[in-house]
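What's in entry.cif: mmCIF, C-alpha atoms
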```
data_coords
loop_
_atom_site.label_atom_id
_atom_site.label_comp_id
_atom_site.auth_asym_id
_atom_site.auth_seq_id
_atom_site.Cartn_x
_atom_site.Cartn_y
_atom_site.Cartn_z
CA MET A 1 106.57 129.34 113.39
CA GLN A 2 106.99 125.61 113.70
CA ILE A 3 110.72 126.04 113.25
CA ASP A 4 110.89 128.57 116.10
CA ILE A 5 109.03 126.22 118.37
CA ALA A 6 111.03 123.12 117.46
CA LYS A 7 114.43 124.73 117.84
CA PRO A 8 114.69 124.99 121.65
CA ILE A 9 113.50 121.37 122.05
CA LEU A 10 116.19 120.16 119.69
CA ASP A 11 118.87 122.23 121.39
CA LYS A 12 117.90 120.87 124.77
CA ASN A 13 117.86 117.37 123.28
CA ASP A 14 121.30 117.86 121.74
CA ARG A 15 122.80 119.05 124.99
CA ALA A 16 121.51 115.97 126.84
CA ALA A 17 122.69 113.81 123.92
CA GLN A 18 126.18 115.23 124.27
CA ARG A 19 126.19 114.32 127.96
CA ASN A 20 125.06 110.78 127.06
CA ARG A 21 127.84 110.63 124.49
CA GLU A 22 130.56 111.59 126.97
CA ARG A 23 129.26 109.09 129.47
CA LEU A 24 129.23 106.27 126.89
CA ILE A 25 132.77 107.07 125.76
CA GLU A 26 133.93 107.11 129.37
CA HIS A 27 132.56 103.60 129.86
CA GLY A 28 133.62 102.36 126.42
CA VAL A 29 130.08 101.44 125.37
CA PHE A 30 129.09 101.46 121.69
CA VAL A 31 125.48 102.41 120.90
CA VAL A 32 123.35 101.70 117.85
CA ASP A 33 120.02 103.51 117.44
CA LEU A 34 117.73 101.28 115.37
CA LEU A 35 114.98 103.00 113.37
CA ALA A 36 112.11 101.48 111.39
CA SER A 37 108.37 101.44 110.80
CA PRO A 38 106.14 99.54 113.17
CA GLY A 39 106.38 95.86 112.33
CA ALA A 40 109.49 96.07 110.14
CA GLY A 41 111.18 93.59 112.47
CA LYS A 42 113.25 95.70 114.85
CA THR A 43 112.86 93.30 117.76
CA SER A 44 113.47 90.23 115.59
CA THR A 45 116.60 91.85 114.17
CA ILE A 46 117.82 92.67 117.68
CA LEU A 47 117.20 89.08 118.79
CA ALA A 48 119.16 87.77 115.78
CA THR A 49 121.95 90.28 116.49
CA ILE A 50 122.12 89.20 120.14
CA GLU A 51 122.36 85.56 119.10
CA ALA A 52 125.24 86.33 116.72
CA LEU A 53 127.22 88.66 119.01
CA ARG A 54 126.48 87.60 122.57
CA ASP A 55 129.71 85.60 122.87
CA THR A 56 131.77 88.56 121.64
CA TYR A 57 130.14 91.52 123.37
CA ARG A 58 128.21 92.20 126.56
CA ILE A 59 124.93 93.55 125.16
CA ALA A 60 121.97 95.47 126.57
CA VAL A 61 118.85 96.79 124.87
CA ILE A 62 116.81 99.97 125.40
CA GLU A 63 113.28 99.44 124.10
CA GLY A 64 111.33 102.53 123.06
CA ASP A 65 107.58 102.21 122.65
CA ILE A 66 104.54 104.41 122.98
CA ALA A 67 103.13 101.84 125.37
CA SER A 68 103.52 98.19 126.52
CA THR A 69 106.49 96.06 127.55
CA VAL A 70 106.11 93.21 125.04
CA ASP A 71 109.44 93.91 123.35
CA SER A 72 111.59 94.25 126.45
CA GLU A 73 110.08 91.02 127.77
CA LYS A 74 111.23 89.19 124.63
CA ILE A 75 114.77 90.52 125.15
CA LYS A 76 114.84 89.61 128.84
CA GLU A 77 113.89 86.04 127.93
CA GLN A 78 117.34 85.91 126.30
CA ASP A 79 118.99 86.85 129.63
CA ILE A 80 120.00 90.19 128.18
CA PRO A 81 119.46 93.37 130.23
CA ALA A 82 116.60 95.40 128.76
CA VAL A 83 115.15 98.74 129.78
CA GLN A 84 111.69 99.65 128.54
CA VAL A 85 111.06 103.33 127.82
CA ASN A 86 107.41 104.18 127.25
CA THR A 87 107.11 107.57 125.62
CA GLY A 88 103.43 107.84 126.53
CA GLY A 89 102.51 109.19 123.12
CA ALA A 90 105.69 110.77 121.77
CA CYS A 91 106.70 109.40 118.38
CA HIS A 92 110.43 109.19 119.12
CA LEU A 93 112.94 108.78 121.93
CA GLU A 94 114.70 111.82 123.35
CA SER A 95 118.12 112.08 124.98
CA GLU A 96 116.73 112.60 128.45
CA MET A 97 114.81 109.29 128.18
CA ILE A 98 118.06 107.59 127.17
CA ARG A 99 119.85 109.25 130.10
CA ARG A 100 117.38 107.68 132.50
CA ALA A 101 117.66 104.32 130.72
CA LEU A 102 121.48 104.47 131.04
CA ASP A 103 121.01 105.12 134.77
CA ALA A 104 119.22 101.79 134.97
CA LEU A 105 122.09 99.86 133.32
CA ASP A 106 125.54 98.91 134.67
CA LEU A 107 127.63 100.54 131.94
CA ASP A 108 130.89 99.03 133.21
CA GLU A 109 129.49 95.61 132.41
CA LEU A 110 128.52 96.45 128.83
CA ASP A 111 130.16 96.74 125.40
CA LEU A 112 127.17 97.34 123.15
CA ILE A 113 123.75 98.89 123.65
CA ILE A 114 121.09 98.57 120.99
CA ILE A 115 118.33 101.16 121.15
CA GLU A 116 115.05 100.17 119.55
CA ASN A 117 113.43 103.50 118.74
CA VAL A 118 109.67 104.02 118.44
CA GLY A 119 108.30 102.55 115.20
CA ASN A 120 108.31 105.55 112.91
CA LEU A 121 110.09 106.57 109.69
CA VAL A 122 109.95 110.28 110.44
CA CYS A 123 110.20 111.59 113.99
CA PRO A 124 113.27 109.71 115.32
CA THR A 125 115.33 110.90 112.35
CA ASP A 126 116.11 114.34 113.79
CA PHE A 127 116.88 113.30 117.35
CA TYR A 128 120.50 112.62 118.21
CA LEU A 129 120.59 110.56 121.41
CA GLY A 130 124.35 110.30 121.92
CA GLU A 131 124.61 107.08 119.87
CA ASP A 132 127.55 106.05 117.67
CA LEU A 133 125.34 105.44 114.69
CA LYS A 134 121.78 105.10 113.48
CA VAL A 135 120.80 102.05 111.44
CA MET A 136 117.45 101.70 109.72
CA ILE A 137 115.41 98.66 108.79
CA LEU A 138 112.99 98.54 105.90
CA SER A 139 110.96 95.38 105.43
CA VAL A 140 110.07 94.00 102.02
CA PRO A 141 106.26 94.22 102.57
CA GLU A 142 106.56 98.00 103.03
CA GLY A 143 107.52 98.43 99.38
CA ASP A 144 110.53 99.53 97.35
CA ASP A 145 109.28 103.15 97.01
CA LYS A 146 109.95 104.13 100.62
CA PRO A 147 113.28 105.94 99.97
CA LEU A 148 111.36 108.35 97.71
CA LYS A 149 108.73 109.00 100.35
CA TYR A 150 110.86 109.08 103.50
CA PRO A 151 114.25 110.33 102.29
CA GLY A 152 115.35 111.75 105.66
CA ILE A 153 115.68 108.45 107.46
CA PHE A 154 117.66 106.89 104.61
CA GLN A 155 120.04 109.84 104.77
CA VAL A 156 120.81 109.66 108.50
CA ALA A 157 121.32 105.88 108.53
CA SER A 158 124.89 104.53 108.52
CA ALA A 159 123.53 101.24 107.21
CA VAL A 160 120.23 99.96 105.84
CA ILE A 161 118.88 96.53 106.73
CA LEU A 162 116.34 95.12 104.26
CA ASN A 163 114.34 92.65 106.35
CA LYS A 164 111.88 89.86 105.45
CA VAL A 165 113.66 89.15 102.15
CA ASP A 166 112.23 85.63 102.38
CA THR A 167 108.85 87.17 101.48
CA MET A 168 110.21 88.76 98.29
CA PRO A 169 108.28 86.28 96.08
CA VAL A 170 104.99 87.28 97.75
CA PHE A 171 105.44 91.04 97.29
CA ASP A 172 106.13 93.09 94.23
CA PHE A 173 109.46 94.47 95.54
CA ASN A 174 112.07 95.66 93.06
CA GLU A 175 115.38 95.25 94.89
CA ASN A 176 117.39 97.00 92.14
CA ALA A 177 115.12 100.04 92.20
CA PHE A 178 115.37 100.09 95.99
CA ARG A 179 119.19 99.87 95.94
CA GLU A 180 119.39 102.63 93.37
CA ALA A 181 117.10 104.96 95.34
CA VAL A 182 119.02 104.33 98.58
CA GLY A 183 122.29 104.85 96.76
CA GLN A 184 121.18 108.25 95.53
CA LEU A 185 120.23 109.39 99.03
CA ASN A 186 123.14 107.79 100.84
CA PRO A 187 125.91 106.44 98.60
CA THR A 188 128.10 105.11 101.44
CA ALA A 189 125.52 103.14 103.44
CA PRO A 190 125.77 99.38 102.99
CA ILE A 191 122.50 97.48 102.47
CA PHE A 192 122.07 94.16 104.29
CA PRO A 193 119.29 91.91 102.98
CA ILE A 194 118.20 89.66 105.86
CA ALA A 195 115.37 87.45 107.10
CA ALA A 196 115.79 88.08 110.82
CA THR A 197 113.45 85.39 112.09
CA LYS A 198 115.29 82.78 109.97
CA GLY A 199 118.82 84.03 110.61
CA GLN A 200 119.32 84.57 106.87
CA GLY A 201 121.87 87.29 106.02
CA VAL A 202 122.45 88.13 109.67
CA GLN A 203 126.17 87.32 109.52
CA ALA A 204 127.06 90.08 107.05
CA TRP A 205 125.16 92.62 109.15
CA THR A 206 126.72 91.59 112.47
CA GLU A 207 130.23 91.41 110.96
CA TRP A 208 129.80 94.98 109.76
CA LEU A 209 128.48 96.05 113.17
CA SER A 210 131.43 94.37 114.92
CA ALA A 211 133.82 96.16 112.60
CA GLN A 212 132.25 99.49 113.64
CA VAL A 213 132.62 98.61 117.32
CA GLU A 214 136.27 97.61 116.82
CA ALA A 215 137.03 100.73 114.79
CA ARG A 216 135.63 102.90 117.58
CA ARG A 217 137.72 100.99 120.14
CA ALA A 218 140.86 101.46 118.07
CA GLU A 219 140.09 105.20 117.84
CA ALA A 220 139.63 105.42 121.61
CA ALA A 221 142.91 103.56 122.25
CA GLU A 222 144.95 106.03 120.18
CA MET B 1 106.96 121.79 128.97
CA GLN B 2 106.16 119.71 125.91
CA ILE B 3 102.48 120.02 126.75
CA ASP B 4 102.71 123.82 126.94
CA ILE B 5 104.43 123.93 123.59
CA ALA B 6 102.09 121.52 121.83
CA LYS B 7 98.91 123.18 122.98
CA PRO B 8 98.92 126.37 120.85
CA ILE B 9 99.75 124.35 117.71
CA LEU B 10 96.82 122.03 118.35
CA ASP B 11 94.45 124.92 119.05
CA LYS B 12 95.45 126.64 115.85
CA ASN B 13 95.06 123.34 113.99
CA ASP B 14 91.62 122.78 115.50
CA ARG B 15 90.41 126.22 114.51
CA ALA B 16 91.49 125.65 110.89
CA ALA B 17 89.93 122.16 111.04
CA GLN B 18 86.63 123.66 112.11
CA ARG B 19 86.72 126.00 109.13
CA ASN B 20 87.45 123.02 106.84
CA ARG B 21 84.52 121.20 108.43
CA GLU B 22 82.06 124.02 107.79
CA ARG B 23 83.22 124.32 104.22
CA LEU B 24 82.85 120.58 103.59
CA ILE B 25 79.34 120.54 105.09
CA GLU B 26 78.36 123.53 102.96
CA HIS B 27 79.41 121.63 99.82
CA GLY B 28 78.07 118.27 101.02
CA VAL B 29 81.42 116.53 100.77
CA PHE B 30 82.23 113.55 103.01
CA VAL B 31 85.87 113.15 104.06
CA VAL B 32 87.76 110.08 105.28
CA ASP B 33 91.23 110.53 106.79
CA LEU B 34 93.17 107.31 106.20
CA LEU B 35 95.98 106.51 108.66
CA ALA B 36 98.58 103.72 108.54
CA SER B 37 102.26 102.85 108.68
CA PRO B 38 104.41 103.33 105.61
CA GLY B 39 103.74 100.45 103.26
CA ALA B 40 100.56 99.19 104.92
CA GLY B 41 98.74 99.68 101.63
CA LYS B 42 97.00 103.06 101.91
CA THR B 43 97.31 103.84 98.21
CA SER B 44 96.27 100.32 97.15
CA THR B 45 93.26 100.52 99.45
CA ILE B 46 92.33 103.90 98.00
CA LEU B 47 92.64 102.52 94.47
CA ALA B 48 90.40 99.56 95.37
CA THR B 49 87.92 101.93 97.05
CA ILE B 50 87.83 104.15 93.97
CA GLU B 51 87.16 101.15 91.75
CA ALA B 52 84.27 100.03 93.97
CA LEU B 53 82.65 103.45 94.48
CA ARG B 54 83.46 105.55 91.42
CA ASP B 55 80.06 104.89 89.80
CA THR B 56 78.27 105.93 93.00
CA TYR B 57 80.26 108.92 94.19
CA ARG B 58 82.41 111.65 92.67
CA ILE B 59 85.73 111.05 94.44
CA ALA B 60 88.94 113.03 94.95
CA VAL B 61 92.10 112.16 96.88
CA ILE B 62 94.46 114.30 98.96
CA GLU B 63 97.85 112.60 99.15
CA GLY B 64 100.05 113.44 102.14
CA ASP B 65 103.73 112.56 101.97
CA ILE B 66 107.00 113.86 103.34
CA ALA B 67 108.25 114.04 99.76
CA SER B 68 107.54 112.76 96.20
CA THR B 69 104.41 112.58 94.05
CA VAL B 70 104.39 108.84 93.32
CA ASP B 71 101.06 108.26 95.08
CA SER B 72 99.11 111.14 93.54
CA GLU B 73 100.36 110.05 90.11
CA LYS B 74 98.87 106.58 90.67
CA ILE B 75 95.51 108.16 91.57
CA LYS B 76 95.54 110.52 88.58
CA GLU B 77 96.09 107.53 86.29
CA GLN B 78 92.55 106.51 87.34
CA ASP B 79 91.19 109.88 86.13
CA ILE B 80 90.44 110.89 89.70
CA PRO B 81 91.41 114.38 90.92
CA ALA B 82 94.38 114.14 93.28
CA VAL B 83 96.21 116.84 95.21
CA GLN B 84 99.68 116.06 96.52
CA VAL B 85 100.64 117.66 99.83
CA ASN B 86 104.32 117.36 100.67
CA THR B 87 104.90 118.12 104.34
CA GLY B 88 108.62 118.61 103.79
CA GLY B 89 109.51 116.68 106.93
CA ALA B 90 106.44 116.89 109.15
CA CYS B 91 105.11 113.49 110.21
CA HIS B 92 101.42 114.32 109.78
CA LEU B 93 99.03 116.53 107.84
CA GLU B 94 97.65 119.69 109.45
CA SER B 95 94.36 121.48 108.81
CA GLU B 96 95.97 124.39 107.03
CA MET B 97 97.54 121.96 104.50
CA ILE B 98 94.07 120.47 103.93
CA ARG B 99 92.60 123.96 103.51
CA ARG B 100 95.04 124.63 100.69
CA ALA B 101 94.32 121.22 99.14
CA LEU B 102 90.57 121.95 99.26
CA ASP B 103 91.29 125.25 97.45
CA ALA B 104 92.74 123.17 94.61
CA LEU B 105 89.61 121.00 94.26
CA ASP B 106 86.17 121.84 92.84
CA LEU B 107 84.09 120.91 95.89
CA ASP B 108 80.78 121.31 94.08
CA GLU B 109 81.79 118.46 91.80
CA LEU B 110 82.64 116.06 94.64
CA ASP B 111 80.86 113.71 97.05
CA LEU B 112 83.78 112.00 98.77
CA ILE B 113 87.37 112.99 99.52
CA ILE B 114 89.84 110.42 100.77
CA ILE B 115 92.86 111.86 102.58
CA GLU B 116 95.95 109.64 102.62
CA ASN B 117 97.82 110.87 105.66
CA VAL B 118 101.62 110.57 106.08
CA GLY B 119 102.65 106.97 106.85
CA ASN B 120 102.83 107.00 110.62
CA LEU B 121 101.01 105.27 113.49
CA VAL B 122 101.58 108.10 115.95
CA CYS B 123 101.62 111.72 114.81
CA PRO B 124 98.46 111.94 112.67
CA THR B 125 96.37 110.55 115.53
CA ASP B 126 96.02 113.85 117.39
CA PHE B 127 95.34 116.11 114.43
CA TYR B 128 91.71 116.74 113.52
CA LEU B 129 91.59 118.00 109.93
CA GLY B 130 87.85 118.61 109.59
CA GLU B 131 87.15 115.09 108.33
CA ASP B 132 84.02 113.04 109.01
CA LEU B 133 85.99 110.09 110.26
CA LYS B 134 89.42 108.56 110.57
CA VAL B 135 89.99 105.00 109.38
CA MET B 136 93.20 103.09 110.00
CA ILE B 137 94.86 100.30 108.08
CA LEU B 138 97.11 97.70 109.65
CA SER B 139 98.79 95.20 107.33
CA VAL B 140 99.37 91.60 108.31
CA PRO B 141 103.20 91.78 107.96
CA GLU B 142 103.30 94.47 110.67
CA GLY B 143 102.22 91.96 113.29
CA ASP B 144 99.25 91.36 115.57
CA ASP B 145 100.83 93.16 118.55
CA LYS B 146 100.45 96.66 117.14
CA PRO B 147 97.30 97.58 119.13
CA LEU B 148 99.35 97.08 122.32
CA LYS B 149 102.17 99.31 121.08
CA TYR B 150 100.20 102.03 119.29
CA PRO B 151 96.91 102.17 121.19
CA GLY B 152 96.11 105.79 120.31
CA ILE B 153 95.53 105.23 116.62
CA PHE B 154 93.27 102.25 117.24
CA GLN B 155 91.20 104.41 119.57
CA VAL B 156 90.61 107.32 117.18
CA ALA B 157 89.72 105.10 114.21
CA SER B 158 86.05 104.64 113.34
CA ALA B 159 86.97 101.46 111.47
CA VAL B 160 90.06 99.26 111.16
CA ILE B 161 91.09 97.73 107.84
CA LEU B 162 93.35 94.69 108.12
CA ASN B 163 95.18 94.60 104.78
CA LYS B 164 97.32 91.96 103.02
CA VAL B 165 95.32 89.11 104.58
CA ASP B 166 96.38 87.01 101.59
CA THR B 167 99.86 86.89 103.18
CA MET B 168 98.51 85.48 106.46
CA PRO B 169 100.07 82.03 105.76
CA VAL B 170 103.53 83.64 105.38
CA PHE B 171 103.42 85.60 108.65
CA ASP B 172 102.79 84.52 112.19
CA PHE B 173 99.70 86.73 112.62
CA ASN B 174 97.12 85.77 115.23
CA GLU B 175 93.88 87.30 113.95
CA ASN B 176 91.92 86.41 117.09
CA ALA B 177 94.49 88.08 119.35
CA PHE B 178 94.42 91.11 117.07
CA ARG B 179 90.61 91.33 117.12
CA GLU B 180 90.55 90.99 120.88
CA ALA B 181 93.17 93.74 121.38
CA VAL B 182 91.36 96.09 119.00
CA GLY B 183 88.06 95.30 120.69
CA GLN B 184 89.44 96.31 124.06
CA LEU B 185 90.69 99.66 122.75
CA ASN B 186 87.73 100.39 120.52
CA PRO B 187 84.73 98.09 120.98
CA THR B 188 82.56 99.75 118.31
CA ALA B 189 85.03 99.85 115.39
CA PRO B 190 84.36 97.24 112.72
CA ILE B 191 87.40 95.34 111.38
CA PHE B 192 87.56 94.70 107.63
CA PRO B 193 90.04 92.01 106.50
CA ILE B 194 91.04 92.81 102.92
CA ALA B 195 93.69 92.16 100.30
CA ALA B 196 93.52 95.50 98.52
CA THR B 197 95.65 94.63 95.49
CA LYS B 198 93.44 91.56 94.83
CA GLY B 199 90.09 93.18 95.60
CA GLN B 200 89.46 90.63 98.35
CA GLY B 201 87.17 91.87 101.15
CA VAL B 202 86.86 95.31 99.59
CA GLN B 203 83.08 95.07 99.20
CA ALA B 204 82.35 94.88 102.95
CA TRP B 205 84.58 97.90 103.56
CA THR B 206 83.11 100.05 100.79
CA GLU B 207 79.53 99.10 101.74
CA TRP B 208 80.26 100.29 105.29
CA LEU B 209 81.84 103.49 103.96
CA SER B 210 78.84 104.14 101.69
CA ALA B 211 76.53 103.65 104.66
CA GLN B 212 78.48 106.33 106.57
CA VAL B 213 78.21 108.74 103.62
CA GLU B 214 74.46 108.10 103.31
CA ALA B 215 73.92 108.50 107.07
CA ARG B 216 75.66 111.88 106.97
CA ARG B 217 73.52 112.95 104.01
CA ALA B 218 70.35 111.92 105.79
CA GLU B 219 71.47 113.93 108.83
CA ALA B 220 72.17 116.98 106.66
CA ALA B 221 68.76 116.71 104.95
CA GLU B 222 66.86 116.78 108.25
#
```
Could you show the structure in this file as structure tokens?
Amino acid sequence: MQIDIAKPILDKNDRAAQRNRERLIEHGVFVVDLLASPGAGKTSTILATIEALRDTYRIAVIEGDIASTVDSEKIKEQDIPAVQVNTGGACHLESEMIRRALDALDLDELDLIIIENVGNLVCPTDFYLGEDLKVMILSVPEGDDKPLKYPGIFQVASAVILNKVDTMPVFDFNENAFREAVGQLNPTAPIFPIAATKGQGVQAWTEWLSAQVEARRAEAAE
Amino acid sequence: MQIDIAKPILDKNDRAAQRNRERLIEHGVFVVDLLASPGAGKTSTILATIEALRDTYRIAVIEGDIASTVDSEKIKEQDIPAVQVNTGGACHLESEMIRRALDALDLDELDLIIIENVGNLVCPTDFYLGEDLKVMILSVPEGDDKPLKYPGIFQVASAVILNKVDTMPVFDFNENAFREAVGQLNPTAPIFPIAATKGQGVQAWTEWLSAQVEARRAEAAE
């Protein structure tokens, strides 16, 4: 029964996602949907990404949260356009929320939009928003066993960021076991170990992200 | 429309929860539903709770996960009955899943069941399973701003465990700000700072939990 109920919501979401997609292509805007648990460091990673790429791309951020505006305020402090979407209880963003957020942005003045989804390793996985790719962040304190417990999110991610690697000595995190488990679920996804608040490892991640943006541009130019 | 769709599921869940409740009362079993993000330390907290209370109460654990049996295996290593519930994608446990888990346990041989819900700060909040109380765990690495972003879970919790306090020096966690934010959402919930893997602070938490079990027994005896 749950499947019957969920299906029409997903279809409706997918249709709105497709409209978002067409609109983004029309304006040449690349979109990353960033997924992670609460407190894995989504906002810190976005801030580090902005710092690395703000001279190359015109960036905006869509901040998804159940409640509050703390994250979008941090982004705005960097003079980067940020739209806060409060889901009011829902555990993920939906395409229609993104449509309204896109309405609030000047797409002709943007190259890259980073969506910070609601902190959750489950719900956002199934919702296509019209983005180019989903990237997930796991933080070291969450533990190396998370791919076993939340396989879905590791499978939909085009890349996996391992954040807070500077705290590796404090936690009992087996990076080899983690890499092996991720590799079994998603053999092509690169893993970027970073410490977002310290800038450590951010270059490899942002170089990869830039390469995705450029590849999409080259495709569009053909 | 989402409200219309969600309502029948919740009603059905509540009816099954009520049946679980009656069954648990009949057998005199106290149930705690433990909620937290992935990696906040639910299993470690359960292991520490078992160690502290196993001479006082006959304990069993119901382990909720999207996939895998890693957690229930850890519990079984302690010679404690454990039932693994794999939700196969769902981001929370439902009453019917708990009903089946209760079928797998000998309730006459138990005093206390700890349910480890799926790692998620959102979905499990709205689902009553027939438990006596919900308790939530936040871990220090997740950050002190979580009550602002996920208010619902802090409101339904009868107590808040703050885990991994031994890593406080590594993270920029403002305990006073956290206590104040929790206090505004839920003035009566006690906060227990612990470091589950080191046993630190566990006594205050388990004494409080024992007091809840005894209070319920006294009520039942009246």
- Message: Going by the chain IDs and residue numbers used in this file, which residues fall under the PyMOL selection byres ((chain A and resi 119) around 12)? Write them as a VMD selection string.
- Response: (chain A and resid 33 to 43 63 to 67 71 87 89 to 93 115 to 118 120 to 125 136 to 138) or (chain B and resid 36 to 38 119 to 123 142 146 149 to 150)
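Proximity to chain B was assessed for A:Lys198, A:Lys164, A:Arg15, A:Arg23 counting all atoms listed in the file; the smallest distance is recorded for A:Lys164.
Relative to CA of Ile50 (chain A), CA of Arg99 (chain A) is found at 22.5 Å.
All residues of protein, DNA or RNA that reach within 10 Å of Asn20 (chain B), judged by all atoms listed in the file and not counting those fewer than 4 positions away in the chain, are Asp14, Arg15, Ala16, Leu24, Ile25, Glu26, Ser95, Glu96, Ile98, Arg99, Arg100, Leu102, Leu129, Gly130 and Glu131 of chain B.
Distance-wise, CA of Ala104 (chain B) and CA of Glu77 (chain B) end up 18.0 Å apart.
Of the residues listed (B:Ala195, B:Ala218, B:Val213, B:Leu47), B:Leu47 shows the shortest atom-to-atom separation from Gln78 (chain B); distances use all atoms listed in the file.
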- Message: Given the point (126.4, 93.5, 104.3) in the file's coordinates, find the residues that have an atom at most 6 Å from it, counting all atoms listed in the file, and give them as an NGL selection string.
- Response: :A and (191-192 or 204-205)
Evaluate the PyMOL selection byres ((chain A and resi 134) around 6) and report residues as an mmCIF file with C-alpha atoms, in the coordinates of the input:
```
data_model
loop_
_atom_site.group_PDB
_atom_site.id
_atom_site.type_symbol
_atom_site.label_atom_id
_atom_site.label_comp_id
_atom_site.auth_asym_id
_atom_site.auth_seq_id
_atom_site.Cartn_x
_atom_site.Cartn_y
_atom_site.Cartn_z
ATOM 1 C CA VAL A 32 123.350 101.700 117.850
ATOM 2 C CA ASP A 33 120.020 103.510 117.440
ATOM 3 C CA LEU A 34 117.730 101.280 115.370
ATOM 4 C CA LEU A 133 125.340 105.440 114.690
ATOM 5 C CA VAL A 135 120.800 102.050 111.440
ATOM 6 C CA ALA A 157 121.320 105.880 108.530
ATOM 7 C CA SER A 158 124.890 104.530 108.520
#
```
- Note on the structure: Separating CA of Ala196 (chain B) from CA of Glu214 (chain B), to the nearest tenth of an Å, is a gap of 23.3 Å
- From the set A:Val85, A:Val140, A:Ala17, A:Leu148, which residue has the shortest atom-to-atom contact distance to chain B, counting all atoms listed in the file? A:Leu148
